[in-house]
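So this block is query01.pdb, PDB, C-alpha atoms, pLDDT in the B column:
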ATOM      1  CA  MET K  18       0.000   0.000   0.000  1.00 87.00           C
ATOM      2  CA  LYS K  19       1.328   3.456  -0.927  1.00 95.00           C
ATOM      3  CA  PRO K  20       2.336   5.744   1.926  1.00 98.00           C
ATOM      4  CA  VAL K  21      -0.166   8.581   2.426  1.00 98.00           C
ATOM      5  CA  VAL K  22       0.928  12.221   2.619  1.00 98.00           C
ATOM      6  CA  GLY K  23      -1.274  14.930   4.073  1.00 98.00           C
ATOM      7  CA  ILE K  24      -1.037  18.213   2.114  1.00 98.00           C
ATOM      8  CA  THR K  25      -2.096  21.538   3.557  1.00 98.00           C
ATOM      9  CA  ALA K  26      -4.416  23.608   1.357  1.00 98.00           C
ATOM     10  CA  TRP K  27      -4.970  27.373   1.083  1.00 96.00           C
ATOM     11  CA  ARG K  28      -8.325  29.168   1.139  1.00 95.00           C
ATOM     12  CA  ARG K  29      -9.045  31.306  -1.917  1.00 94.00           C
ATOM     13  CA  THR K  30     -12.124  33.010  -3.322  1.00 93.00           C
ATOM     14  CA  LEU K  31     -12.428  31.996  -6.984  1.00 94.00           C
ATOM     15  CA  THR K  32     -15.061  32.528  -9.635  1.00 94.00           C
ATOM     16  CA  THR K  33     -17.096  29.388 -10.357  1.00 93.00           C
ATOM     17  CA  ALA K  34     -20.296  28.591 -12.254  1.00 92.00           C
ATOM     18  CA  PHE K  35     -22.100  29.681  -9.090  1.00 90.00           C
ATOM     19  CA  GLY K  36     -20.241  32.974  -8.848  1.00 93.00           C
ATOM     20  CA  PRO K  37     -17.452  33.793  -6.352  1.00 94.00           C
ATOM     21  CA  ASP K  38     -16.918  30.826  -4.060  1.00 95.00           C
ATOM     22  CA  ARG K  39     -14.597  30.203  -1.105  1.00 93.00           C
ATOM     23  CA  LEU K  40     -12.511  27.106  -1.908  1.00 95.00           C
ATOM     24  CA  HIS K  41      -9.801  24.958  -0.369  1.00 96.00           C
ATOM     25  CA  THR K  42      -7.108  24.972  -3.074  1.00 96.00           C
ATOM     26  CA  ILE K  43      -3.984  22.983  -3.877  1.00 96.00           C
ATOM     27  CA  ALA K  44      -2.123  22.963  -7.207  1.00 96.00           C
ATOM     28  CA  CYS K  45      -2.093  19.654  -9.073  1.00 96.00           C
ATOM     29  CA  ASP K  46       1.703  19.960  -9.396  1.00 96.00           C
ATOM     30  CA  TYR K  47       2.035  18.981  -5.722  1.00 97.00           C
ATOM     31  CA  THR K  48      -0.097  15.867  -5.953  1.00 97.00           C
ATOM     32  CA  GLU K  49       1.485  14.797  -9.252  1.00 97.00           C
ATOM     33  CA  SER K  50       5.006  15.138  -7.840  1.00 97.00           C
ATOM     34  CA  LEU K  51       4.037  12.990  -4.865  1.00 97.00           C
ATOM     35  CA  GLU K  52       2.405  10.392  -7.100  1.00 97.00           C
ATOM     36  CA  ARG K  53       5.535  10.182  -9.262  1.00 96.00           C
ATOM     37  CA  SER K  54       7.420   9.234  -6.092  1.00 96.00           C
ATOM     38  CA  GLY K  55       4.933   6.518  -5.202  1.00 97.00           C
ATOM     39  CA  LEU K  56       3.038   8.519  -2.581  1.00 98.00           C
ATOM     40  CA  ALA K  57      -0.729   8.910  -2.194  1.00 98.00           C
ATOM     41  CA  PRO K  58      -1.780  12.532  -1.494  1.00 98.00           C
ATOM     42  CA  LEU K  59      -4.548  13.465   0.942  1.00 98.00           C
ATOM     43  CA  VAL K  60      -5.565  17.124   1.220  1.00 98.00           C
ATOM     44  CA  PHE K  61      -6.008  18.721   4.645  1.00 98.00           C
ATOM     45  CA  PRO K  62      -8.657  21.485   4.431  1.00 97.00           C
ATOM     46  CA  ALA K  63      -7.262  24.895   5.369  1.00 97.00           C
ATOM     47  CA  GLY K  64      -7.985  26.584   8.664  1.00 96.00           C
ATOM     48  CA  LEU K  65      -9.253  23.623  10.668  1.00 98.00           C
ATOM     49  CA  SER K  66      -9.110  23.766  14.435  1.00 98.00           C
ATOM     50  CA  PRO K  67      -5.574  23.223  15.776  1.00 98.00           C
ATOM     51  CA  ASP K  68      -7.124  20.536  17.986  1.00 98.00           C
ATOM     52  CA  ASP K  69      -7.769  18.463  14.857  1.00 98.00           C
ATOM     53  CA  ALA K  70      -4.117  18.435  13.800  1.00 98.00           C
ATOM     54  CA  PRO K  71      -2.781  15.553  15.967  1.00 98.00           C
ATOM     55  CA  ARG K  72      -5.488  13.146  14.854  1.00 98.00           C
ATOM     56  CA  LEU K  73      -5.110  14.054  11.176  1.00 98.00           C
ATOM     57  CA  VAL K  74      -1.322  13.779  11.242  1.00 98.00           C
ATOM     58  CA  SER K  75      -1.501  10.438  13.067  1.00 98.00           C
ATOM     59  CA  ARG K  76      -3.430   9.001  10.125  1.00 98.00           C
ATOM     60  CA  VAL K  77      -0.884   9.843   7.429  1.00 98.00           C
ATOM     61  CA  ASP K  78       2.719   8.801   6.859  1.00 98.00           C
ATOM     62  CA  GLY K  79       4.113  12.248   6.105  1.00 98.00           C
ATOM     63  CA  VAL K  80       3.128  15.887   5.714  1.00 98.00           C
ATOM     64  CA  LEU K  81       3.670  18.382   2.895  1.00 98.00           C
ATOM     65  CA  LEU K  82       3.264  22.061   3.801  1.00 98.00           C
ATOM     66  CA  SER K  83       2.310  23.742   0.538  1.00 98.00           C
ATOM     67  CA  GLY K  84       2.530  27.335  -0.674  1.00 96.00           C
ATOM     68  CA  GLY K  85       0.000  30.080  -0.120  1.00 96.00           C
ATOM     69  CA  GLU K  86      -0.170  33.678   1.035  1.00 97.00           C
ATOM     70  CA  ASP K  87       1.814  35.345   3.814  1.00 98.00           C
ATOM     71  CA  VAL K  88       2.166  34.203   7.418  1.00 98.00           C
ATOM     72  CA  ASP K  89       0.596  36.746   9.771  1.00 98.00           C
ATOM     73  CA  PRO K  90       3.540  38.755  11.213  1.00 98.00           C
ATOM     74  CA  SER K  91       2.022  38.600  14.697  1.00 98.00           C
ATOM     75  CA  PHE K  92       3.183  34.971  14.847  1.00 98.00           C
ATOM     76  CA  TYR K  93       6.818  36.106  14.699  1.00 98.00           C
ATOM     77  CA  GLY K  94       6.484  39.249  16.783  1.00 98.00           C
ATOM     78  CA  GLN K  95       6.186  41.917  14.082  1.00 97.00           C
ATOM     79  CA  GLU K  96       3.643  44.449  12.871  1.00 97.00           C
ATOM     80  CA  THR K  97       2.229  44.091   9.371  1.00 96.00           C
ATOM     81  CA  VAL K  98       4.257  46.196   6.920  1.00 96.00           C
ATOM     82  CA  HIS K  99       4.458  44.368   3.577  1.00 96.00           C
ATOM     83  CA  SER K 100       2.552  41.175   4.360  1.00 96.00           C
ATOM     84  CA  ARG K 101      -0.742  40.619   2.573  1.00 96.00           C
ATOM     85  CA  ASN K 102      -3.698  38.241   2.404  1.00 96.00           C
ATOM     86  CA  CYS K 103      -2.841  36.716   5.787  1.00 97.00           C
ATOM     87  CA  ASP K 104      -5.138  34.078   7.298  1.00 97.00           C
ATOM     88  CA  PRO K 105      -4.370  33.593  11.007  1.00 98.00           C
ATOM     89  CA  GLU K 106      -6.735  30.601  11.257  1.00 97.00           C
ATOM     90  CA  VAL K 107      -4.673  28.770   8.652  1.00 98.00           C
ATOM     91  CA  ASP K 108      -1.456  29.779  10.434  1.00 98.00           C
ATOM     92  CA  ARG K 109      -2.677  28.360  13.729  1.00 98.00           C
ATOM     93  CA  PHE K 110      -3.739  25.093  12.119  1.00 98.00           C
ATOM     94  CA  GLU K 111      -0.460  24.665  10.226  1.00 98.00           C
ATOM     95  CA  LEU K 112       1.608  25.428  13.316  1.00 98.00           C
ATOM     96  CA  ALA K 113      -0.325  22.677  15.093  1.00 98.00           C
ATOM     97  CA  VAL K 114       0.301  20.324  12.145  1.00 98.00           C
ATOM     98  CA  ILE K 115       4.037  20.988  12.417  1.00 98.00           C
ATOM     99  CA  GLU K 116       4.009  20.323  16.147  1.00 98.00           C
ATOM    100  CA  ALA K 117       2.064  17.081  15.673  1.00 98.00           C
ATOM    101  CA  ALA K 118       4.377  15.894  12.888  1.00 98.00           C
ATOM    102  CA  ARG K 119       7.392  16.509  15.065  1.00 98.00           C
ATOM    103  CA  GLU K 120       5.926  14.770  18.095  1.00 98.00           C
ATOM    104  CA  LEU K 121       4.815  11.773  16.026  1.00 98.00           C
ATOM    105  CA  GLY K 122       8.027  11.640  13.990  1.00 97.00           C
ATOM    106  CA  LYS K 123       6.250  12.017  10.655  1.00 98.00           C
ATOM    107  CA  PRO K 124       8.584  13.269   7.872  1.00 98.00           C
ATOM    108  CA  LEU K 125       7.713  16.763   6.689  1.00 98.00           C
ATOM    109  CA  LEU K 126       8.460  18.585   3.434  1.00 98.00           C
ATOM    110  CA  ALA K 127       7.815  22.347   3.406  1.00 98.00           C
ATOM    111  CA  ILE K 128       7.589  24.400   0.197  1.00 98.00           C
ATOM    112  CA  CYS K 129       7.575  28.214  -0.164  1.00 98.00           C
ATOM    113  CA  ARG K 130       5.094  29.462   2.462  1.00 98.00           C
ATOM    114  CA  GLY K 131       5.580  26.038   4.062  1.00 98.00           C
ATOM    115  CA  LEU K 132       9.272  26.795   4.639  1.00 98.00           C
ATOM    116  CA  GLN K 133       8.342  30.167   6.096  1.00 98.00           C
ATOM    117  CA  ILE K 134       5.839  28.853   8.631  1.00 98.00           C
ATOM    118  CA  LEU K 135       8.183  25.971   9.511  1.00 98.00           C
ATOM    119  CA  ASN K 136      10.796  28.584  10.393  1.00 98.00           C
ATOM    120  CA  VAL K 137       8.248  30.556  12.444  1.00 98.00           C
ATOM    121  CA  ALA K 138       7.238  27.375  14.287  1.00 98.00           C
ATOM    122  CA  PHE K 139      10.787  27.162  15.667  1.00 98.00           C
ATOM    123  CA  GLY K 140      10.940  30.797  16.739  1.00 98.00           C
ATOM    124  CA  GLY K 141      12.443  32.218  13.544  1.00 98.00           C
ATOM    125  CA  THR K 142      11.463  35.449  11.812  1.00 98.00           C
ATOM    126  CA  LEU K 143      10.724  36.485   8.227  1.00 98.00           C
ATOM    127  CA  HIS K 144      11.576  39.304   5.864  1.00 97.00           C
ATOM    128  CA  GLN K 145       8.218  40.757   4.860  1.00 98.00           C
ATOM    129  CA  GLU K 146       9.611  41.858   1.484  1.00 96.00           C
ATOM    130  CA  VAL K 147      12.632  40.519  -0.411  1.00 96.00           C
ATOM    131  CA  THR K 148      11.999  41.599  -4.010  1.00 93.00           C
ATOM    132  CA  SER K 149      14.003  44.375  -5.648  1.00 88.00           C
ATOM    133  CA  PRO K 150      14.017  45.518  -9.304  1.00 86.00           C
ATOM    134  CA  GLY K 151      17.025  44.041 -11.098  1.00 85.00           C
ATOM    135  CA  GLY K 152      18.064  42.022  -8.056  1.00 88.00           C
ATOM    136  CA  VAL K 153      18.224  38.289  -7.425  1.00 89.00           C
ATOM    137  CA  HIS K 154      14.596  38.377  -6.356  1.00 90.00           C
ATOM    138  CA  ASP K 155      13.273  40.635  -9.063  1.00 85.00           C
ATOM    139  CA  THR K 156       9.565  41.389  -9.060  1.00 80.00           C
ATOM    140  CA  ILE K 157       7.419  39.017 -11.111  1.00 73.00           C
ATOM    141  CA  ALA K 158       4.755  41.630 -11.882  1.00 74.00           C
ATOM    142  CA  GLY K 159       3.712  41.386 -15.527  1.00 73.00           C
ATOM    143  CA  ALA K 160       5.620  38.157 -16.154  1.00 79.00           C
ATOM    144  CA  THR K 161       4.052  35.381 -18.191  1.00 85.00           C
ATOM    145  CA  PRO K 162       3.336  32.050 -16.451  1.00 82.00           C
ATOM    146  CA  GLU K 163       6.317  30.537 -18.287  1.00 84.00           C
ATOM    147  CA  GLU K 164       8.610  33.330 -17.074  1.00 82.00           C
ATOM    148  CA  MET K 165       7.286  33.067 -13.524  1.00 80.00           C
ATOM    149  CA  HIS K 166       7.938  29.341 -13.326  1.00 84.00           C
ATOM    150  CA  ALA K 167      11.323  29.389 -15.063  1.00 89.00           C
ATOM    151  CA  ARG K 168      14.658  28.843 -13.304  1.00 92.00           C
ATOM    152  CA  ARG K 169      15.351  32.527 -12.661  1.00 89.00           C
ATOM    153  CA  HIS K 170      18.066  32.448  -9.984  1.00 93.00           C
ATOM    154  CA  GLU K 171      20.635  30.162  -8.357  1.00 96.00           C
ATOM    155  CA  VAL K 172      20.901  28.823  -4.838  1.00 98.00           C
ATOM    156  CA  SER K 173      24.090  27.441  -3.300  1.00 98.00           C
ATOM    157  CA  PHE K 174      24.231  24.399  -1.030  1.00 98.00           C
ATOM    158  CA  PRO K 175      26.700  24.350   1.885  1.00 97.00           C
ATOM    159  CA  ASP K 176      29.309  21.582   1.897  1.00 96.00           C
ATOM    160  CA  GLY K 177      27.943  18.482   3.564  1.00 96.00           C
ATOM    161  CA  SER K 178      24.327  19.608   3.334  1.00 97.00           C
ATOM    162  CA  LEU K 179      21.470  17.247   2.593  1.00 97.00           C
ATOM    163  CA  LEU K 180      20.498  19.215  -0.516  1.00 97.00           C
ATOM    164  CA  ALA K 181      24.050  19.108  -1.881  1.00 98.00           C
ATOM    165  CA  ALA K 182      23.912  15.328  -1.587  1.00 97.00           C
ATOM    166  CA  LEU K 183      20.458  15.130  -3.178  1.00 95.00           C
ATOM    167  CA  TYR K 184      21.334  17.318  -6.140  1.00 95.00           C
ATOM    168  CA  GLY K 185      24.885  15.991  -6.473  1.00 96.00           C
ATOM    169  CA  ALA K 186      26.038  19.581  -6.924  1.00 97.00           C
ATOM    170  CA  ALA K 187      27.021  22.715  -5.034  1.00 97.00           C
ATOM    171  CA  SER K 188      24.164  24.753  -6.517  1.00 97.00           C
ATOM    172  CA  ALA K 189      20.958  24.609  -8.521  1.00 97.00           C
ATOM    173  CA  ALA K 190      18.870  26.951 -10.660  1.00 96.00           C
ATOM    174  CA  VAL K 191      15.412  27.505  -9.171  1.00 96.00           C
ATOM    175  CA  ASN K 192      12.246  29.495  -9.770  1.00 94.00           C
ATOM    176  CA  THR K 193      11.458  32.812  -8.058  1.00 92.00           C
ATOM    177  CA  LEU K 194       7.828  32.948  -6.956  1.00 91.00           C
ATOM    178  CA  HIS K 195       8.103  34.475  -3.488  1.00 93.00           C
ATOM    179  CA  HIS K 196       8.158  37.987  -2.081  1.00 94.00           C
ATOM    180  CA  GLN K 197       9.028  36.991   1.493  1.00 97.00           C
ATOM    181  CA  GLY K 198      11.682  34.760   3.044  1.00 97.00           C
ATOM    182  CA  ILE K 199      13.613  33.753   6.133  1.00 98.00           C
ATOM    183  CA  ASP K 200      15.289  36.475   8.181  1.00 98.00           C
ATOM    184  CA  ARG K 201      16.467  34.752  11.383  1.00 98.00           C
ATOM    185  CA  PRO K 202      16.449  30.930  11.277  1.00 98.00           C
ATOM    186  CA  GLY K 203      14.505  29.183  14.013  1.00 98.00           C
ATOM    187  CA  GLU K 204      16.200  27.293  16.821  1.00 98.00           C
ATOM    188  CA  GLY K 205      17.311  23.811  15.787  1.00 98.00           C
ATOM    189  CA  LEU K 206      17.118  24.546  12.060  1.00 98.00           C
ATOM    190  CA  THR K 207      20.163  24.227   9.800  1.00 98.00           C
ATOM    191  CA  VAL K 208      20.644  26.299   6.642  1.00 98.00           C
ATOM    192  CA  GLU K 209      20.600  24.138   3.502  1.00 98.00           C
ATOM    193  CA  ALA K 210      20.494  26.655   0.645  1.00 98.00           C
ATOM    194  CA  VAL K 211      21.316  30.351   0.172  1.00 98.00           C
ATOM    195  CA  ALA K 212      20.722  32.730  -2.768  1.00 97.00           C
ATOM    196  CA  ALA K 213      23.381  35.145  -4.031  1.00 95.00           C
ATOM    197  CA  ASP K 214      21.790  38.029  -2.127  1.00 95.00           C
ATOM    198  CA  GLY K 215      22.074  36.089   1.136  1.00 96.00           C
ATOM    199  CA  LEU K 216      18.434  34.992   1.426  1.00 97.00           C
ATOM    200  CA  ILE K 217      18.128  31.600   3.103  1.00 98.00           C
ATOM    201  CA  GLU K 218      16.192  29.334   0.730  1.00 98.00           C
ATOM    202  CA  GLY K 219      16.590  25.919   2.298  1.00 98.00           C
ATOM    203  CA  ILE K 220      16.453  24.590   5.864  1.00 98.00           C
ATOM    204  CA  ARG K 221      16.247  21.280   7.665  1.00 98.00           C
ATOM    205  CA  HIS K 222      15.629  20.214  11.222  1.00 98.00           C
ATOM    206  CA  ASP K 223      18.895  19.377  12.934  1.00 96.00           C
ATOM    207  CA  GLY K 224      17.807  16.225  14.708  1.00 92.00           C
ATOM    208  CA  ASP K 225      16.268  12.779  14.301  1.00 94.00           C
ATOM    209  CA  TRP K 226      13.075  14.202  12.813  1.00 97.00           C
ATOM    210  CA  TRP K 227      13.222  14.499   8.987  1.00 98.00           C
ATOM    211  CA  ALA K 228      11.914  17.971   8.152  1.00 98.00           C
ATOM    212  CA  VAL K 229      13.168  19.852   5.088  1.00 98.00           C
ATOM    213  CA  GLY K 230      11.993  23.167   3.654  1.00 98.00           C
ATOM    214  CA  VAL K 231      12.768  24.938   0.378  1.00 98.00           C
ATOM    215  CA  GLN K 232      11.742  28.435  -0.695  1.00 98.00           C
ATOM    216  CA  TRP K 233      11.395  27.568  -4.375  1.00 97.00           C
ATOM    217  CA  HIS K 234       8.710  25.383  -5.953  1.00 97.00           C
ATOM    218  CA  PRO K 235      10.323  22.062  -6.984  1.00 97.00           C
ATOM    219  CA  GLU K 236       6.929  20.690  -8.003  1.00 97.00           C
ATOM    220  CA  LYS K 237       6.896  23.205 -10.883  1.00 94.00           C
ATOM    221  CA  LEU K 238      10.347  22.197 -12.139  1.00 94.00           C
ATOM    222  CA  GLU K 239      11.421  19.083 -14.005  1.00 84.00           C
ATOM    223  CA  GLY K 240      14.480  16.874 -13.798  1.00 87.00           C
ATOM    224  CA  ASP K 241      16.752  17.162 -10.772  1.00 90.00           C
ATOM    225  CA  HIS K 242      14.127  18.826  -8.560  1.00 93.00           C
ATOM    226  CA  GLN K 243      12.056  15.640  -8.378  1.00 93.00           C
ATOM    227  CA  ARG K 244      14.850  14.301  -6.143  1.00 96.00           C
ATOM    228  CA  ILE K 245      13.411  16.256  -3.222  1.00 97.00           C
ATOM    229  CA  PHE K 246      10.195  14.254  -3.448  1.00 97.00           C
ATOM    230  CA  THR K 247      12.160  11.013  -3.851  1.00 96.00           C
ATOM    231  CA  ALA K 248      14.116  11.807  -0.678  1.00 97.00           C
ATOM    232  CA  PHE K 249      10.840  12.592   1.084  1.00 98.00           C
ATOM    233  CA  ARG K 250       9.519   9.171   0.047  1.00 98.00           C
ATOM    234  CA  GLU K 251      12.680   7.475   1.321  1.00 98.00           C
ATOM    235  CA  ALA K 252      12.373   9.259   4.673  1.00 98.00           C
ATOM    236  CA  ILE K 253       8.758   8.092   4.936  1.00 98.00           C
ATOM    237  CA  ASP K 254       9.763   4.502   4.123  1.00 97.00           C
ATOM    238  CA  GLN K 255      12.377   4.579   6.861  1.00 96.00           C
ATOM    239  CA  SER K 256       9.898   6.066   9.315  1.00 95.00           C
ATOM    240  CA  ARG K 257       7.343   3.370   8.549  1.00 92.00           C
ATOM    241  CA  SER K 258       9.986   0.673   8.960  1.00 88.00           C
ATOM    242  CA  ARG K 259      10.845   1.957  12.418  1.00 84.00           C
ATOM    243  CA  GLU K 260       7.167   2.016  13.394  1.00 82.00           C
ATOM    244  CA  ALA K 261       6.756  -1.569  12.227  1.00 75.00           C
ATOM    245  CA  VAL K 262       9.516  -2.879  14.527  1.00 68.00           C
TER     246      VAL K 262
END
Could the structure of this file be written out as structure tokens, please?
Amino acid sequence: MKPVVGITAWRRTLTTAFGPDRLHTIACDYTESLERSGLAPLVFPAGLSPDDAPRLVSRVDGVLLSGGEDVDPSFYGQETVHSRNCDPEVDRFELAVIEAARELGKPLLAICRGLQILNVAFGGTLHQEVTSPGGVHDTIAGATPEEMHARRHEVSFPDGSLLAALYGAASAAVNTLHHQGIDRPGEGLTVEAVAADGLIEGIRHDGDWWAVGVQWHPEKLEGDHQRIFTAFREAIDQSRSREAV
């Protein structure tokens, strides 16, 4: 039986045949990347009660924290300056999901916003704006979908890092779809990838619990980026083997 991965969704108001409707959304790229690695995706509705998180996480083999809008700055001790479209109910639920995954030893992969809230969960802080015209994180305003998803900047992997081993290289070209990022890393998190402007774009938990976060969207890239999902699957297999003993 395929391992099951719970994926966090994001609430969006979209136009449907019935007019504007509030929906739980998740891009198909996430589920397809998991399926290519032999994993069965299961979507967690956004903004559930934090009390529901332990039971939900206990019923899956791993967790994927997906992208979405900004984490409410109040969760990392700041006033709102550049953050937008925050949803504190979703933040509270996802923080509880992270805590449950850690306590239960369920492997966790965090992407884009997922990396950001993983960092906040361990006491880290965020830059509320990282884009700058002509810089590494240039604005994506007016870009076509192809341009937005393209490999627009490079990240470097520290020697001995997990990502360096996964990619078999010291760097990789990635997409640039974010306007926020890590400022101060949370306690117990190790830096795994850094952009040329110094922005931290990869982290992992420095302990027995397998938890890895990346700022870019590997699910929207082909080739070498699928290795992240393969490594996630391997971590889940190892976790299940330990539980079976």
Residue nearest Gly198 (chain K) among K:Ile128, K:Val229, K:Ala158, K:Ala70 (counting only C-alpha atoms):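 Distance minimum relative to Gly198 (chain K) lands on K:Ile128.
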Spatial neighbours of His222 (chain K), 8 Å, all atoms listed in the file, chain gap at least 5 places, as a list in words: Gly205, Leu206, Thr207, Trp227, Ala228 and Val229 of chain K
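Considering the residues K:Leu81, K:Leu73, K:Arg259, K:Ala189 and counting all atoms listed in the file, Thr48 (chain K) has its shortest atom-to-atom contact with K:Leu81.
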For a quick check of understanding, using all atoms listed in the file, which of K:Asp89, K:Glu52, K:Asp108, K:Glu251 has the smallest distance to Leu125 (chain K)?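 For Leu125 (chain K), the nearest of the given residues is K:Glu251.
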Just give me the residues with any atom within 12 Å of (0.1, 19.9, -11.4), file coordinates, counting only C-alpha atoms, written as an MDAnalysis selection string. chainID K and resid 43:53 234:239
Set the distance at 8 Å and use all atoms listed in the file: which residues neighbour Tyr93 (chain K) once local chain neighbours fewer than 6 positions away are removed? I'd like the list as a PyMOL selection string. chain K and resi 137+140-143
Selected by the PyMOL selection byres ((chain K and resi 213) around 8) in the shown coordinates: which residues, as a PyMOL selection string? chain K and resi 153+171-173+211-212+214-216
Residue subset to file, keeping C-alpha atoms, as a short mmCIF file (atom, residue, chain, number, x, y, z; two decimals), in the frame of the given file:
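This is the output file part35.cif:
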data_model
loop_
_atom_site.label_atom_id
_atom_site.label_comp_id
_atom_site.auth_asym_id
_atom_site.auth_seq_id
_atom_site.Cartn_x
_atom_site.Cartn_y
_atom_site.Cartn_z
CA VAL K 153 18.22 38.29 -7.42
CA GLU K 171 20.64 30.16 -8.36
CA VAL K 172 20.90 28.82 -4.84
CA SER K 173 24.09 27.44 -3.30
CA VAL K 211 21.32 30.35 0.17
CA ALA K 212 20.72 32.73 -2.77
CA ASP K 214 21.79 38.03 -2.13
CA GLY K 215 22.07 36.09 1.14
CA LEU K 216 18.43 34.99 1.43
#
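Candidate residues K:Pro62, K:Tyr184, K:Gly219, K:Leu56 were compared for distance to Arg39 (chain K), and the nearest is K:Pro62, using only C-alpha atoms.
Shortest atom-to-atom contact with His99 (chain K) among K:Glu146, K:Glu86, K:Asp254, K:Asp69: K:Glu146, counting all atoms listed in the file.
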Could you write out as an mmCIF file with C-alpha atoms, keeping the file's coordinate frame the residues that the PyMOL selection byres ((chain K and resi 233) around 7) matches in the shown file?
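The result, written out as part.cif:
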data_model
loop_
_atom_site.group_PDB
_atom_site.id
_atom_site.type_symbol
_atom_site.label_atom_id
_atom_site.label_comp_id
_atom_site.auth_asym_id
_atom_site.auth_seq_id
_atom_site.Cartn_x
_atom_site.Cartn_y
_atom_site.Cartn_z
ATOM 1 C CA ILE K 128 7.589 24.400 0.197
ATOM 2 C CA CYS K 129 7.575 28.214 -0.164
ATOM 3 C CA VAL K 191 15.412 27.505 -9.171
ATOM 4 C CA ASN K 192 12.246 29.495 -9.770
ATOM 5 C CA THR K 193 11.458 32.812 -8.058
ATOM 6 C CA LEU K 194 7.828 32.948 -6.956
ATOM 7 C CA VAL K 231 12.768 24.938 0.378
ATOM 8 C CA GLN K 232 11.742 28.435 -0.695
ATOM 9 C CA HIS K 234 8.710 25.383 -5.953
ATOM 10 C CA PRO K 235 10.323 22.062 -6.984
#
Applied to the shown file, which residues does the PyMOL selection byres ((chain K and resi 120) around 12) return, written as a ChimeraX atom specification? /K:70-72,74-75,113-119,121-125,225-227
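Straight-line separation from CA of Val208 (chain K) to CA of Ile157 (chain K): 25.5 Å.
With distances taken over all atoms listed in the file, K:Gly230 is the one residue among K:Gly64, K:Gly230, K:Pro162, K:Gly240 lying closest to Val80 (chain K).
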Calculate how many Å separate CA of Val22 (chain K) from CA of Ala182 (chain K), rounding to one decimal.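 Spanning CA of Val22 (chain K) to CA of Ala182 (chain K) is a straight-line distance of 23.6 Å.
The spacing separating CA of Ile217 (chain K) from CA of Gly203 (chain K) amounts to 11.7 Å.
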Near Leu59 (chain K), counting all atoms listed in the file, which residues have an atom at most 9 Å away, once you skip same-chain residues fewer than 3 positions from it, shown as a ChimeraX atom specification? /K:21-25,48,77
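Residues with any atom within 9 Å of region 29-32 of chain K, counting only C-alpha atoms and excluding same-chain neighbours fewer than 5 positions away, are Pro37, Asp38, Arg39, Leu40, His41 and Thr42 of chain K.
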